[in-house]
>>> print(open('start.cif').read())   # mmCIF, C-alpha atoms
data_data
loop_
_atom_site.label_atom_id
_atom_site.label_comp_id
_atom_site.auth_asym_id
_atom_site.auth_seq_id
_atom_site.Cartn_x
_atom_site.Cartn_y
_atom_site.Cartn_z
CA MET A 7 -13.66 5.09 -9.78
CA VAL A 8 -10.97 7.63 -8.93
CA LYS A 9 -10.35 8.65 -5.36
CA ASP A 10 -7.88 11.16 -4.01
CA VAL A 11 -5.87 9.58 -1.20
CA ALA A 12 -3.38 12.39 -0.73
CA GLN A 13 -3.95 14.17 2.54
CA PRO A 14 -3.42 17.93 2.21
CA ILE A 15 -0.30 19.15 4.01
CA SER A 16 -2.38 21.87 5.66
CA GLU A 17 -4.48 19.14 7.36
CA ILE A 18 -1.38 17.30 8.57
CA ALA A 19 0.10 20.57 9.82
CA ALA A 20 -3.14 21.35 11.69
CA GLY A 21 -2.76 18.07 13.55
CA LYS A 22 -5.41 16.27 11.48
CA PHE A 23 -3.15 13.35 10.60
CA ASN A 24 -5.69 10.80 9.40
CA LYS A 25 -3.70 8.20 7.49
CA ARG A 26 -3.87 4.62 8.73
CA THR A 27 -0.99 3.88 11.11
CA TYR A 28 -0.05 1.11 13.50
CA ARG A 29 -2.15 1.36 16.64
CA GLY A 30 0.67 0.04 18.80
CA PHE A 31 3.78 -2.09 18.91
CA GLY A 32 1.71 -5.26 19.26
CA GLU A 33 0.11 -4.79 15.84
CA PHE A 34 3.50 -4.11 14.25
CA PHE A 35 5.13 -7.13 15.92
CA ALA A 36 2.23 -9.38 14.86
CA ASP A 37 2.85 -8.39 11.23
CA MET A 38 6.59 -8.91 11.59
CA LEU A 39 6.08 -12.31 13.24
CA PHE A 40 3.77 -13.35 10.40
CA LEU A 41 6.36 -12.36 7.79
CA THR A 42 9.14 -14.08 9.72
CA LYS A 43 7.15 -17.32 9.88
CA ASN A 44 6.56 -17.08 6.12
CA MET A 45 10.08 -16.00 5.12
CA ARG A 46 10.51 -18.81 2.58
CA GLN A 47 7.41 -17.67 0.68
CA VAL A 48 8.46 -14.02 1.01
CA ARG A 49 11.74 -14.89 -0.70
CA ARG A 50 9.89 -16.74 -3.48
CA ILE A 51 7.65 -13.72 -4.04
CA MET A 52 10.52 -11.26 -4.08
CA SER A 53 12.41 -13.41 -6.59
CA GLY A 54 9.64 -12.78 -9.14
CA LYS A 55 9.17 -16.48 -9.87
CA VAL A 56 5.70 -16.81 -8.34
CA ILE A 57 4.31 -13.37 -9.12
CA PRO A 58 6.02 -11.34 -11.87
CA GLY A 59 7.63 -8.08 -10.76
CA ALA A 60 5.25 -5.82 -12.70
CA PHE A 61 2.18 -7.58 -11.24
CA ARG A 62 3.69 -7.40 -7.72
CA GLU A 63 4.31 -3.66 -8.10
CA ARG A 64 0.76 -3.10 -9.36
CA LEU A 65 -0.51 -4.87 -6.23
CA MET A 66 1.75 -2.69 -4.09
CA LEU A 67 0.50 0.49 -5.78
CA ALA A 68 -3.12 -0.61 -5.32
CA VAL A 69 -2.50 -0.86 -1.57
CA VAL A 70 -0.63 2.47 -1.55
CA SER A 71 -3.71 4.07 -3.14
CA VAL A 72 -5.60 3.21 0.05
CA TYR A 73 -2.95 3.77 2.74
CA GLY A 74 -1.35 6.80 1.08
CA CYS A 75 2.20 6.28 2.37
CA ARG A 76 4.41 8.77 0.55
CA TYR A 77 7.54 6.66 0.99
CA CYS A 78 5.89 3.55 -0.47
CA SER A 79 4.35 5.60 -3.26
CA TRP A 80 7.78 6.84 -4.29
CA ALA A 81 9.54 3.47 -3.92
CA HIS A 82 6.89 1.39 -5.71
CA THR A 83 6.47 3.93 -8.49
CA ARG A 84 10.19 3.66 -9.11
CA LYS A 85 10.15 -0.16 -9.01
CA ALA A 86 7.05 -0.30 -11.23
CA LEU A 87 8.71 1.90 -13.85
CA ARG A 88 11.79 -0.35 -13.76
CA SER A 89 9.61 -3.42 -14.22
CA GLY A 90 7.95 -1.94 -17.31
CA VAL A 91 4.71 -0.51 -15.93
CA ASP A 92 3.55 2.54 -17.92
CA LYS A 93 3.46 6.00 -16.24
CA ASP A 94 -0.24 6.45 -16.99
CA GLU A 95 -1.02 3.08 -15.45
CA ILE A 96 0.91 4.04 -12.32
CA SER A 97 -0.97 7.34 -12.07
CA SER A 98 -4.29 5.51 -12.43
CA LEU A 99 -3.37 2.98 -9.76
CA LEU A 100 -2.28 5.68 -7.32
CA ALA A 101 -5.61 7.42 -7.96
CA GLY A 102 -7.45 4.20 -7.11
CA SER A 103 -8.38 3.11 -10.63
CA VAL A 104 -7.51 -0.20 -12.26
CA ASP A 105 -8.92 0.75 -15.67
CA ASP A 106 -5.50 0.99 -17.36
CA CYS A 107 -4.17 -2.29 -15.92
CA PRO A 108 -4.04 -5.70 -17.59
CA GLN A 109 -7.48 -7.30 -17.52
CA ASP A 110 -6.19 -10.57 -16.04
CA GLU A 111 -4.89 -8.66 -12.98
CA ALA A 112 -8.04 -6.60 -12.31
CA VAL A 113 -9.57 -9.03 -9.81
CA ALA A 114 -6.37 -9.08 -7.73
CA LEU A 115 -5.92 -5.29 -7.87
CA LEU A 116 -9.50 -4.61 -6.78
CA TYR A 117 -9.11 -7.23 -4.07
CA ALA A 118 -5.90 -5.49 -2.90
CA GLN A 119 -7.74 -2.18 -2.51
CA HIS A 120 -10.61 -3.88 -0.67
CA TRP A 121 -8.14 -5.78 1.54
CA ALA A 122 -6.45 -2.54 2.61
CA ASP A 123 -9.78 -0.67 2.97
CA SER A 124 -11.13 -3.42 5.22
CA ASP A 125 -8.03 -3.34 7.46
CA THR A 126 -6.88 -6.79 6.28
CA ARG A 127 -10.33 -8.35 6.81
CA PRO A 128 -11.81 -8.73 3.32
CA ASP A 129 -15.27 -10.14 2.73
CA PRO A 130 -15.30 -13.93 2.39
CA GLU A 131 -16.91 -13.43 -1.03
CA ALA A 132 -13.91 -11.36 -2.17
CA CYS A 133 -11.50 -14.05 -0.91
CA ALA A 134 -13.46 -16.73 -2.78
CA ARG A 135 -13.42 -14.64 -5.98
CA LEU A 136 -9.64 -14.16 -5.70
CA GLU A 137 -9.08 -17.89 -5.19
CA GLN A 138 -11.44 -18.71 -8.06
CA ALA A 139 -9.58 -16.37 -10.40
CA TYR A 140 -5.99 -17.37 -9.46
CA GLY A 141 -6.12 -20.67 -7.59
CA ALA A 142 -5.43 -21.26 -3.90
CA GLU A 143 -1.61 -21.08 -4.04
CA LYS A 144 -1.40 -17.86 -6.07
CA ALA A 145 -4.22 -16.27 -4.00
CA GLY A 146 -2.17 -17.03 -0.89
CA MET A 147 0.89 -15.44 -2.45
CA ILE A 148 -1.14 -12.34 -3.41
CA ASN A 149 -2.25 -12.04 0.22
CA LEU A 150 1.37 -12.33 1.33
CA VAL A 151 2.37 -9.52 -1.07
CA LEU A 152 -0.34 -7.36 0.48
CA ARG A 153 0.88 -8.12 4.01
CA ILE A 154 4.47 -7.26 3.05
CA ASN A 155 3.27 -3.96 1.65
CA ARG A 156 1.10 -3.22 4.68
CA VAL A 157 4.15 -3.32 6.94
CA GLY A 158 5.91 -0.71 4.80
CA ASN A 159 2.87 1.54 4.38
CA LEU A 160 1.85 1.57 8.03
CA SER A 161 5.46 1.99 9.17
CA GLY A 162 5.90 5.00 6.87
CA ASN A 163 2.62 6.58 7.98
CA THR A 164 3.43 5.88 11.64
CA TRP A 165 6.81 7.57 11.18
CA ASP A 166 5.15 10.63 9.60
CA ARG A 167 2.63 10.79 12.45
CA PHE A 168 5.51 10.65 14.96
CA LEU A 169 7.37 13.45 13.16
CA ASN A 170 4.18 15.50 13.06
CA ARG A 171 3.69 15.10 16.81
CA ILE A 172 7.24 15.93 17.88
CA SER A 173 7.29 18.98 15.60
CA PHE A 174 4.00 20.24 17.12
CA GLY A 175 2.31 19.99 13.74
CA ARG A 176 5.05 21.72 11.75
CA TRP A 177 6.22 18.51 9.99
CA GLY A 178 5.02 18.59 6.41
CA LYS A 179 4.46 22.35 6.20
CA THR A 180 5.89 24.10 3.17
CA SER A 181 8.56 26.74 3.70
CA GLN A 182 5.96 29.43 2.89
CA GLU A 183 3.59 28.08 5.57
CA ASN A 184 6.47 27.99 8.07
CA SER A 185 7.35 31.65 7.41
CA THR A 186 3.79 32.79 8.11
CA SER A 187 3.54 30.83 11.40
#
>>> encode(input="start.cif", output="structure tokens")
Amino acid sequence: MVKDVAQPISEIAAGKFNKRTYRGFGEFFADMLFLTKNMRQVRRIMSGKVIPGAFRERLMLAVVSVYGCRYCSWAHTRKALRSGVDKDEISSLLAGSVDDCPQDEAVALLYAQHWADSDTRPDPEACARLEQAYGAEKAGMINLVLRINRVGNLSGNTWDRFLNRISFGRWGKTSQENSTS
């Protein structure tokens, strides 16, 4: 299963910005409030003690494959490389495939894609499968990793949408496209 999540620059330039963004400040503040209330667990996750760094970055890249944030793609690719994730594995994850990933992480990575695809409302069956595979505490931490990543992805996409609007669709055009406009 390989899907192309990159939106062509020509579509963005034509005003067809179709990446998932925050629908309003309320949605953004709800995410930030959730993270603030769970700051202790966020710190535990980011320390790498609960979820190893390479696994965390794979989860992040699985979400990026759905949301397509170029900033998060760059940042998490860099962090994944530093944590020992292979280049081919990163490419596969960004293309939406978990075939090259460790088998014991496949359930979580597929869940991460489904979680992002379903706009943070995964099927109860998928939640049960995640908890069955990793236990309740680790499943909760995986969901927190996904929420952390969602904030970054949607913020980056919202920023790009804003830049696209204030530039009257010119944001994202190549220099060659700009010269022919």
>>> resolve_selection(input="start.cif", expression="the PyMOL selection byres ((chain A and resi 47) around 12)", output="PyMOL selection string")
chain A and resi 40-46+48-57+143-144+146-151+154
>>> residues_around(input="start.cif", residues="Ala68 of chain A", least_positions_apart="6", cutoff="8 Å", atoms="all atoms listed in the file", output="mmCIF file with C-alpha atoms, keeping the file's coordinate frame")
data_model
loop_
_atom_site.group_PDB
_atom_site.id
_atom_site.type_symbol
_atom_site.label_atom_id
_atom_site.label_comp_id
_atom_site.auth_asym_id
_atom_site.auth_seq_id
_atom_site.Cartn_x
_atom_site.Cartn_y
_atom_site.Cartn_z
ATOM 1 C CA LEU A 99 -3.370 2.980 -9.760
ATOM 2 C CA LEU A 100 -2.280 5.680 -7.320
ATOM 3 C CA GLY A 102 -7.450 4.200 -7.110
ATOM 4 C CA LEU A 115 -5.920 -5.290 -7.870
ATOM 5 C CA LEU A 116 -9.500 -4.610 -6.780
ATOM 6 C CA ALA A 118 -5.900 -5.490 -2.900
ATOM 7 C CA GLN A 119 -7.740 -2.180 -2.510
#
>>> residues_near_point(input="start.cif", point="(-3.7, -5.7, 0.8)", cutoff="6 Å", atoms="only C-alpha atoms", output="ChimeraX atom specification")
/A:69,118,121-122,152
>>> resolve_selection(input="start.cif", expression="the PyMOL selection byres ((chain A and resi 26) around 7)", output="list in words")
Asn24, Lys25, Thr27, Tyr73, Leu160 and Asn163 of chain A
>>> residues_around(input="start.cif", residues="Phe34 of chain A", least_positions_apart="5", cutoff="9 Å", atoms="only C-alpha atoms", output="PyMOL selection string")
chain A and resi 28-29+39+157+160-161
>>> atom_distance(input="start.cif", atom1="atom CA of Arg64 of chain A", atom2="atom CA of Arg153 of chain A")
14.3 Å
>>> residues_near_point(input="start.cif", point="(-0.6, 1.2, -14.3)", cutoff="10 Å", atoms="all atoms listed in the file", output="number ranges by chain")
A: 60-61, 63-64, 67-68, 83, 86-87, 90-100, 103-108
>>> decode(input="start.cif", residues="segment 20-49 of chain A", atoms="N, CA and C atoms", output="JSON list (two decimals), in the first residue's frame")
[["chain", "number", "residue", "atom", "x", "y", "z"],
["A", 20, "ALA", "N", -2.71, 27.19, -7.50],
["A", 20, "ALA", "CA", -4.01, 27.47, -8.11],
["A", 20, "ALA", "C", -5.09, 27.66, -7.04],
["A", 21, "GLY", "N", -4.68, 27.68, -5.77],
["A", 21, "GLY", "CA", -5.63, 27.89, -4.70],
["A", 21, "GLY", "C", -6.33, 26.61, -4.27],
["A", 22, "LYS", "N", -5.84, 25.46, -4.68],
["A", 22, "LYS", "CA", -6.45, 24.19, -4.32],
["A", 22, "LYS", "C", -5.71, 23.57, -3.14],
["A", 23, "PHE", "N", -5.51, 24.35, -2.11],
["A", 23, "PHE", "CA", -4.80, 23.88, -0.92],
["A", 23, "PHE", "C", -5.71, 22.89, -0.20],
["A", 24, "ASN", "N", -5.36, 21.59, -0.25],
["A", 24, "ASN", "CA", -6.27, 20.60, 0.31],
["A", 24, "ASN", "C", -5.67, 19.76, 1.43],
["A", 25, "LYS", "N", -4.62, 20.23, 2.04],
["A", 25, "LYS", "CA", -4.06, 19.50, 3.19],
["A", 25, "LYS", "C", -4.89, 19.82, 4.43],
["A", 26, "ARG", "N", -4.93, 18.88, 5.34],
["A", 26, "ARG", "CA", -5.70, 19.05, 6.58],
["A", 26, "ARG", "C", -5.06, 20.16, 7.40],
["A", 27, "THR", "N", -5.87, 21.12, 7.83],
["A", 27, "THR", "CA", -5.41, 22.24, 8.65],
["A", 27, "THR", "C", -6.35, 22.39, 9.85],
["A", 28, "TYR", "N", -5.98, 23.23, 10.78],
["A", 28, "TYR", "CA", -6.89, 23.56, 11.86],
["A", 28, "TYR", "C", -8.07, 24.33, 11.29],
["A", 29, "ARG", "N", -9.26, 23.99, 11.75],
["A", 29, "ARG", "CA", -10.47, 24.66, 11.27],
["A", 29, "ARG", "C", -10.71, 25.98, 11.98],
["A", 30, "GLY", "N", -10.03, 26.19, 13.08],
["A", 30, "GLY", "CA", -10.18, 27.43, 13.82],
["A", 30, "GLY", "C", -9.32, 27.40, 15.07],
["A", 31, "PHE", "N", -9.28, 28.53, 15.76],
["A", 31, "PHE", "CA", -8.46, 28.63, 16.96],
["A", 31, "PHE", "C", -8.93, 27.68, 18.05],
["A", 32, "GLY", "N", -10.23, 27.43, 18.12],
["A", 32, "GLY", "CA", -10.77, 26.54, 19.14],
["A", 32, "GLY", "C", -10.19, 25.14, 19.06],
["A", 33, "GLU", "N", -10.06, 24.63, 17.85],
["A", 33, "GLU", "CA", -9.49, 23.28, 17.65],
["A", 33, "GLU", "C", -8.02, 23.26, 18.07],
["A", 34, "PHE", "N", -7.29, 24.29, 17.71],
["A", 34, "PHE", "CA", -5.88, 24.39, 18.09],
["A", 34, "PHE", "C", -5.74, 24.48, 19.61],
["A", 35, "PHE", "N", -6.53, 25.35, 20.24],
["A", 35, "PHE", "CA", -6.43, 25.52, 21.69],
["A", 35, "PHE", "C", -6.85, 24.26, 22.43],
["A", 36, "ALA", "N", -7.80, 23.51, 21.89],
["A", 36, "ALA", "CA", -8.19, 22.24, 22.52],
["A", 36, "ALA", "C", -7.02, 21.26, 22.53],
["A", 37, "ASP", "N", -6.29, 21.19, 21.41],
["A", 37, "ASP", "CA", -5.11, 20.33, 21.36],
["A", 37, "ASP", "C", -4.03, 20.80, 22.34],
["A", 38, "MET", "N", -3.81, 22.10, 22.38],
["A", 38, "MET", "CA", -2.79, 22.64, 23.29],
["A", 38, "MET", "C", -3.18, 22.43, 24.75],
["A", 39, "LEU", "N", -4.45, 22.58, 25.07],
["A", 39, "LEU", "CA", -4.92, 22.34, 26.44],
["A", 39, "LEU", "C", -4.72, 20.88, 26.82],
["A", 40, "PHE", "N", -5.03, 19.97, 25.90],
["A", 40, "PHE", "CA", -4.83, 18.55, 26.15],
["A", 40, "PHE", "C", -3.36, 18.25, 26.45],
["A", 41, "LEU", "N", -2.46, 18.80, 25.64],
["A", 41, "LEU", "CA", -1.03, 18.56, 25.86],
["A", 41, "LEU", "C", -0.56, 19.19, 27.17],
["A", 42, "THR", "N", -1.07, 20.36, 27.49],
["A", 42, "THR", "CA", -0.70, 21.02, 28.74],
["A", 42, "THR", "C", -1.13, 20.17, 29.94],
["A", 43, "LYS", "N", -2.33, 19.65, 29.89],
["A", 43, "LYS", "CA", -2.83, 18.80, 30.99],
["A", 43, "LYS", "C", -2.04, 17.51, 31.12],
["A", 44, "ASN", "N", -1.41, 17.07, 30.05],
["A", 44, "ASN", "CA", -0.65, 15.82, 30.04],
["A", 44, "ASN", "C", 0.85, 16.05, 29.93],
["A", 45, "MET", "N", 1.32, 17.20, 30.40],
["A", 45, "MET", "CA", 2.73, 17.58, 30.24],
["A", 45, "MET", "C", 3.69, 16.57, 30.87],
["A", 46, "ARG", "N", 3.33, 16.00, 31.99],
["A", 46, "ARG", "CA", 4.21, 15.02, 32.63],
["A", 46, "ARG", "C", 4.45, 13.82, 31.71],
["A", 47, "GLN", "N", 3.38, 13.33, 31.09],
["A", 47, "GLN", "CA", 3.52, 12.19, 30.17],
["A", 47, "GLN", "C", 4.25, 12.61, 28.89],
["A", 48, "VAL", "N", 4.02, 13.84, 28.45],
["A", 48, "VAL", "CA", 4.74, 14.33, 27.26],
["A", 48, "VAL", "C", 6.24, 14.32, 27.52],
["A", 49, "ARG", "N", 6.64, 14.76, 28.70],
["A", 49, "ARG", "CA", 8.06, 14.76, 29.06],
["A", 49, "ARG", "C", 8.62, 13.33, 29.09]]
